[in-house]
Amino acid sequence: MSKILSNKSNLQILYEDNHIIVVNKRAGDIVQGDKTGDKPLSEVVKSYLKDMYNKPGNVYLGVVHRLDRPTTGIVLFSKTSKALPRLNKLFSEKSAKKTYWALVKNEPQKTEDKLIHWLRKNPKNNKSTAFPNEVDNSKKAILKYKVLKKLDNFYLLEVDLETGRHHQIRVQLSSIGCPIKGDLKYGFDRSNKDASISLHARTLEFIHPVKKEALKIIAPVPQDALWQASEH
């Protein structure tokens, strides 16, 4: 299990070596710059590296994957141009195993299941719609979930992604009547106080791009009473 190495620069660093750095993203952080102009997590990590290692000039950092702004959890970055294409290959070939935790209010009909939908993204409202069969401009989406435990009025689900589509977990869980806590966009009735949604990238397992060692990174859940109860 990974331990937190550092909390510097508002960063919760879960793992770092010469080639990669893994951080635990907070709700509200954007991974890469967008039209909001807010400082992205990638720039925060660059600033940390520059200060930590007294690097002159520009710092190299490769973005390997993203998380939606209101979600929390593991984000992996490449510190070298050698590691980035290897990491990109791992993700494109689905060799990196990502597991998410989600809090939902409604109990799924099945304690575990495989969901297959066709998702179509609407760029105008940045929202995806799930269909039971293929429609124009749709992409196949597959995930597996299982109920880990019941928490007061919520259920903790573990989700394994087989595909990586836009808002996939959010829209697929919503389509079976289990919208994620705080996710107004996909049918939950009220927002979380911090504007987060209760979706957390919990674990990432992959082969190190240079050392060729198996790594398993685990991200602690947010400092929230319901989330904290899920870990115990």
# chains A, B, ... in the order shown; residues from 1 in each chain; ligands from 1

call {"tool": "residues_around", "arguments": {"residues": "segment 139-156 of chain A", "least_positions_apart": "4", "cutoff": "6 Å", "atoms": "only C-alpha atoms", "output": "PDB file with C-alpha atoms, in the first residue's frame"}}
result
ATOM      1  CA  ALA A 102     -18.107   5.569  -5.708  1.00  0.00           C
ATOM      2  CA  LEU A 103     -20.716   6.484  -3.100  1.00  0.00           C
ATOM      3  CA  VAL A 104     -24.327   6.068  -4.236  1.00  0.00           C
ATOM      4  CA  LYS A 105     -27.581   6.481  -2.308  1.00  0.00           C
ATOM      5  CA  THR A 111     -24.457  -6.708  -5.684  1.00  0.00           C
ATOM      6  CA  GLU A 112     -22.071  -6.988  -8.629  1.00  0.00           C
ATOM      7  CA  ASP A 113     -22.533  -6.687 -12.378  1.00  0.00           C
ATOM      8  CA  LYS A 114     -20.953  -5.860 -15.709  1.00  0.00           C
ATOM      9  CA  LEU A 115     -22.486  -2.824 -17.416  1.00  0.00           C
ATOM     10  CA  ILE A 116     -22.342  -2.378 -21.182  1.00  0.00           C
ATOM     11  CA  HIS A 117     -23.702   0.788 -22.783  1.00  0.00           C
ATOM     12  CA  TRP A 118     -23.110   2.954 -25.809  1.00  0.00           C
ATOM     13  CA  LEU A 119     -22.227   6.509 -24.822  1.00  0.00           C
ATOM     14  CA  ASP A 160     -13.264  -1.424 -12.579  1.00  0.00           C
ATOM     15  CA  LEU A 161     -13.149   0.275 -15.967  1.00  0.00           C
ATOM     16  CA  GLU A 162     -12.652  -1.757 -19.109  1.00  0.00           C
ATOM     17  CA  THR A 163     -12.975   1.294 -21.356  1.00  0.00           C
TER      18      THR A 163
END

call {"tool": "residues_around", "arguments": {"residues": "segment 71-83 of chain A", "least_positions_apart": "6", "cutoff": "9 Å", "atoms": "only C-alpha atoms", "output": "PyMOL selection string"}}
result
chain A and resi 14+17-29+31+42+45+59-65+100+196-204+208-210+217-222

call {"tool": "atom_distance", "arguments": {"atom1": "atom CA of Asn133 of chain A", "atom2": "atom CA of Gly187 of chain A"}}
result
21.3 Å

call {"tool": "atom_distance", "arguments": {"atom1": "atom CA of Ser175 of chain A", "atom2": "atom CA of Thr129 of chain A"}}
result
8.8 Å

call {"tool": "residues_around", "arguments": {"residues": "Asn122 of chain A", "least_positions_apart": "3", "cutoff": "12 Å", "atoms": "only C-alpha atoms", "output": "list in words"}}
result
Leu119, Asn125, Asn126, Lys127, Ser128, Thr129, Ala130, Asn137, Ser138, His166 and His167 of chain A

call {"tool": "closest_residue", "arguments": {"among": "A:Gln172, A:Ile207, A:Asn106, A:Ser95", "to": "Asp189 of chain A", "atoms": "only C-alpha atoms"}}
result
A:Asn106

call {"tool": "atom_distance", "arguments": {"atom1": "atom CA of Tyr53 of chain A", "atom2": "atom CA of Ala96 of chain A"}}
result
28.6 Å

call {"tool": "closest_residue", "arguments": {"among": "A:Ile169, A:Arg69, A:Asn10, A:Phe188", "to": "Thr36 of chain A", "atoms": "only C-alpha atoms"}}
result
A:Arg69

call {"tool": "closest_residue", "arguments": {"among": "A:Leu157, A:Asp68, A:Asn192, A:Lys55", "to": "Asp224 of chain A", "atoms": "only C-alpha atoms"}}
result
A:Asn192

call {"tool": "closest_residue", "arguments": {"among": "A:Ile30, A:Gly37, A:Gln168, A:Lys212", "to": "Arg86 of chain A", "atoms": "only C-alpha atoms"}}
result
A:Lys212

call {"tool": "residues_around", "arguments": {"residues": "Phe91 of chain A", "least_positions_apart": "6", "cutoff": "10 Å", "atoms": "only C-alpha atoms", "output": "PyMOL selection string"}}
result
chain A and resi 64-65+85+97-98+164+206

call {"tool": "residues_around", "arguments": {"residues": "Arg170 of chain A", "least_positions_apart": "4", "cutoff": "8 Å", "atoms": "only C-alpha atoms", "output": "number ranges by chain"}}
result
A: 174, 179-180, 183, 186

call {"tool": "write_last_selection", "arguments": {"atoms": "C-alpha atoms", "output": "mmCIF file, in the first residue's frame"}}
result
data_model
loop_
_atom_site.group_PDB
_atom_site.id
_atom_site.type_symbol
_atom_site.label_atom_id
_atom_site.label_comp_id
_atom_site.auth_asym_id
_atom_site.auth_seq_id
_atom_site.Cartn_x
_atom_site.Cartn_y
_atom_site.Cartn_z
ATOM 1 C CA SER A 174 -26.820 6.840 -13.236
ATOM 2 C CA PRO A 179 -26.240 8.411 -9.529
ATOM 3 C CA ILE A 180 -23.082 9.283 -7.611
ATOM 4 C CA ASP A 183 -23.417 14.546 -9.126
ATOM 5 C CA TYR A 186 -26.234 12.869 -13.766
#

call {"tool": "select_by_dssp", "arguments": {"residues": "segment 62-177 of chain A", "states": "alpha helix (DSSP H)", "output": "count of residues only"}}
result
18

call {"tool": "select_by_dssp", "arguments": {"residues": "segment 3-230 of chain A", "states": "strand (DSSP E or B)", "output": "PyMOL selection string"}}
result
chain A and resi 6+13-16+20-25+62-63+72-78+97-104+112-122+127-131+139-151+154-161+180+199-207+214-218

call {"tool": "write_last_selection", "arguments": {"atoms": "C-alpha atoms", "output": "tab-separated table (two decimals), in the first residue's frame"}}
result
chain	number	residue	atom	x	y	z
A	6	SER	CA	4.76	14.67	0.96
A	13	ILE	CA	2.38	12.87	-3.32
A	14	LEU	CA	1.76	9.13	-3.26
A	15	TYR	CA	4.84	7.98	-5.18
A	16	GLU	CA	7.83	9.61	-6.82
A	20	ILE	CA	7.22	9.33	-12.55
A	21	ILE	CA	5.25	11.18	-9.91
A	22	VAL	CA	1.80	10.15	-8.62
A	23	VAL	CA	-0.43	12.57	-6.72
A	24	ASN	CA	-3.77	12.36	-4.95
A	25	LYS	CA	-5.95	14.94	-6.72
A	62	GLY	CA	4.04	14.69	-19.20
A	63	VAL	CA	0.30	14.30	-18.58
A	72	THR	CA	-10.60	12.89	-6.44
A	73	GLY	CA	-7.79	10.37	-6.45
A	74	ILE	CA	-4.80	9.09	-8.34
A	75	VAL	CA	-3.21	11.06	-11.17
A	76	LEU	CA	0.03	9.85	-12.73
A	77	PHE	CA	2.53	12.16	-14.43
A	78	SER	CA	5.74	11.42	-16.31
A	97	LYS	CA	-5.56	-1.29	-14.04
A	98	LYS	CA	-7.61	1.53	-12.55
A	99	THR	CA	-10.08	0.96	-9.73
A	100	TYR	CA	-12.51	3.59	-8.50
A	101	TRP	CA	-14.69	3.95	-5.43
A	102	ALA	CA	-18.11	5.57	-5.71
A	103	LEU	CA	-20.72	6.48	-3.10
A	104	VAL	CA	-24.33	6.07	-4.24
A	112	GLU	CA	-22.07	-6.99	-8.63
A	113	ASP	CA	-22.53	-6.69	-12.38
A	114	LYS	CA	-20.95	-5.86	-15.71
A	115	LEU	CA	-22.49	-2.82	-17.42
A	116	ILE	CA	-22.34	-2.38	-21.18
A	117	HIS	CA	-23.70	0.79	-22.78
A	118	TRP	CA	-23.11	2.95	-25.81
A	119	LEU	CA	-22.23	6.51	-24.82
A	120	ARG	CA	-22.70	9.62	-26.90
A	121	LYS	CA	-21.09	12.87	-25.83
A	122	ASN	CA	-22.74	16.25	-26.29
A	127	LYS	CA	-22.54	15.57	-20.92
A	128	SER	CA	-22.78	11.98	-22.11
A	129	THR	CA	-25.91	9.92	-22.66
A	130	ALA	CA	-26.03	6.13	-22.27
A	131	PHE	CA	-27.90	3.93	-24.75
A	139	LYS	CA	-18.75	4.58	-28.24
A	140	LYS	CA	-18.99	1.29	-26.40
A	141	ALA	CA	-18.50	1.58	-22.64
A	142	ILE	CA	-17.86	-1.34	-20.29
A	143	LEU	CA	-17.35	-1.41	-16.54
A	144	LYS	CA	-17.71	-3.86	-13.68
A	145	TYR	CA	-18.91	-2.88	-10.23
A	146	LYS	CA	-19.48	-4.56	-6.89
A	147	VAL	CA	-20.97	-3.34	-3.62
A	148	LEU	CA	-18.24	-3.21	-0.97
A	149	LYS	CA	-20.31	-2.05	2.01
A	150	LYS	CA	-23.35	-0.15	3.25
A	151	LEU	CA	-22.64	3.18	4.97
A	154	PHE	CA	-25.19	5.18	1.12
A	155	TYR	CA	-23.50	2.28	-0.61
A	156	LEU	CA	-19.81	2.05	-1.42
A	157	LEU	CA	-19.19	0.62	-4.87
A	158	GLU	CA	-15.89	-0.54	-6.32
A	159	VAL	CA	-15.70	0.07	-10.07
A	160	ASP	CA	-13.26	-1.42	-12.58
A	161	LEU	CA	-13.15	0.27	-15.97
A	180	ILE	CA	-23.08	9.28	-7.61
A	199	LEU	CA	-16.07	9.40	-7.04
A	200	HIS	CA	-12.49	8.56	-6.11
A	201	ALA	CA	-9.72	7.02	-8.22
A	202	ARG	CA	-8.66	4.58	-5.51
A	203	THR	CA	-5.96	2.31	-6.97
A	204	LEU	CA	-3.66	2.18	-9.98
A	205	GLU	CA	-1.66	-0.92	-10.86
A	206	PHE	CA	0.91	-0.90	-13.65
A	207	ILE	CA	4.40	-1.97	-14.65
A	214	ALA	CA	4.95	-3.96	-10.68
A	215	LEU	CA	3.52	-0.95	-8.82
A	216	LYS	CA	0.26	-0.65	-6.93
A	217	ILE	CA	-0.64	2.85	-5.77
A	218	ILE	CA	-3.51	3.42	-3.33

call {"tool": "decode", "arguments": {"residues": "segment 52-84 of chain A", "atoms": "C-alpha atoms", "output": "tab-separated table (two decimals), in the first residue's frame"}}
result
chain	number	residue	atom	x	y	z
A	52	MET	CA	12.26	20.72	-4.69
A	53	TYR	CA	15.18	20.04	-7.00
A	54	ASN	CA	16.29	23.62	-7.73
A	55	LYS	CA	15.75	23.10	-11.43
A	56	PRO	CA	16.63	26.01	-13.71
A	57	GLY	CA	14.44	26.86	-16.70
A	58	ASN	CA	11.37	24.91	-17.72
A	59	VAL	CA	10.53	21.65	-15.98
A	60	TYR	CA	9.43	18.68	-18.10
A	61	LEU	CA	6.17	17.01	-17.09
A	62	GLY	CA	4.04	14.69	-19.20
A	63	VAL	CA	0.30	14.30	-18.58
A	64	VAL	CA	-0.59	10.62	-18.92
A	65	HIS	CA	-4.32	10.65	-18.08
A	66	ARG	CA	-6.99	12.89	-16.59
A	67	LEU	CA	-9.70	12.92	-13.95
A	68	ASP	CA	-12.89	14.97	-14.06
A	69	ARG	CA	-12.59	18.19	-12.08
A	70	PRO	CA	-15.07	17.22	-9.28
A	71	THR	CA	-13.50	13.78	-8.72
A	72	THR	CA	-10.60	12.89	-6.44
A	73	GLY	CA	-7.79	10.37	-6.45
A	74	ILE	CA	-4.80	9.09	-8.34
A	75	VAL	CA	-3.21	11.06	-11.17
A	76	LEU	CA	0.03	9.85	-12.73
A	77	PHE	CA	2.53	12.16	-14.43
A	78	SER	CA	5.74	11.42	-16.31
A	79	LYS	CA	8.89	13.27	-15.26
A	80	THR	CA	10.91	12.23	-18.34
A	81	SER	CA	10.35	12.16	-22.08
A	82	LYS	CA	11.62	8.57	-22.00
A	83	ALA	CA	8.84	7.39	-19.68
A	84	LEU	CA	5.91	9.27	-21.26
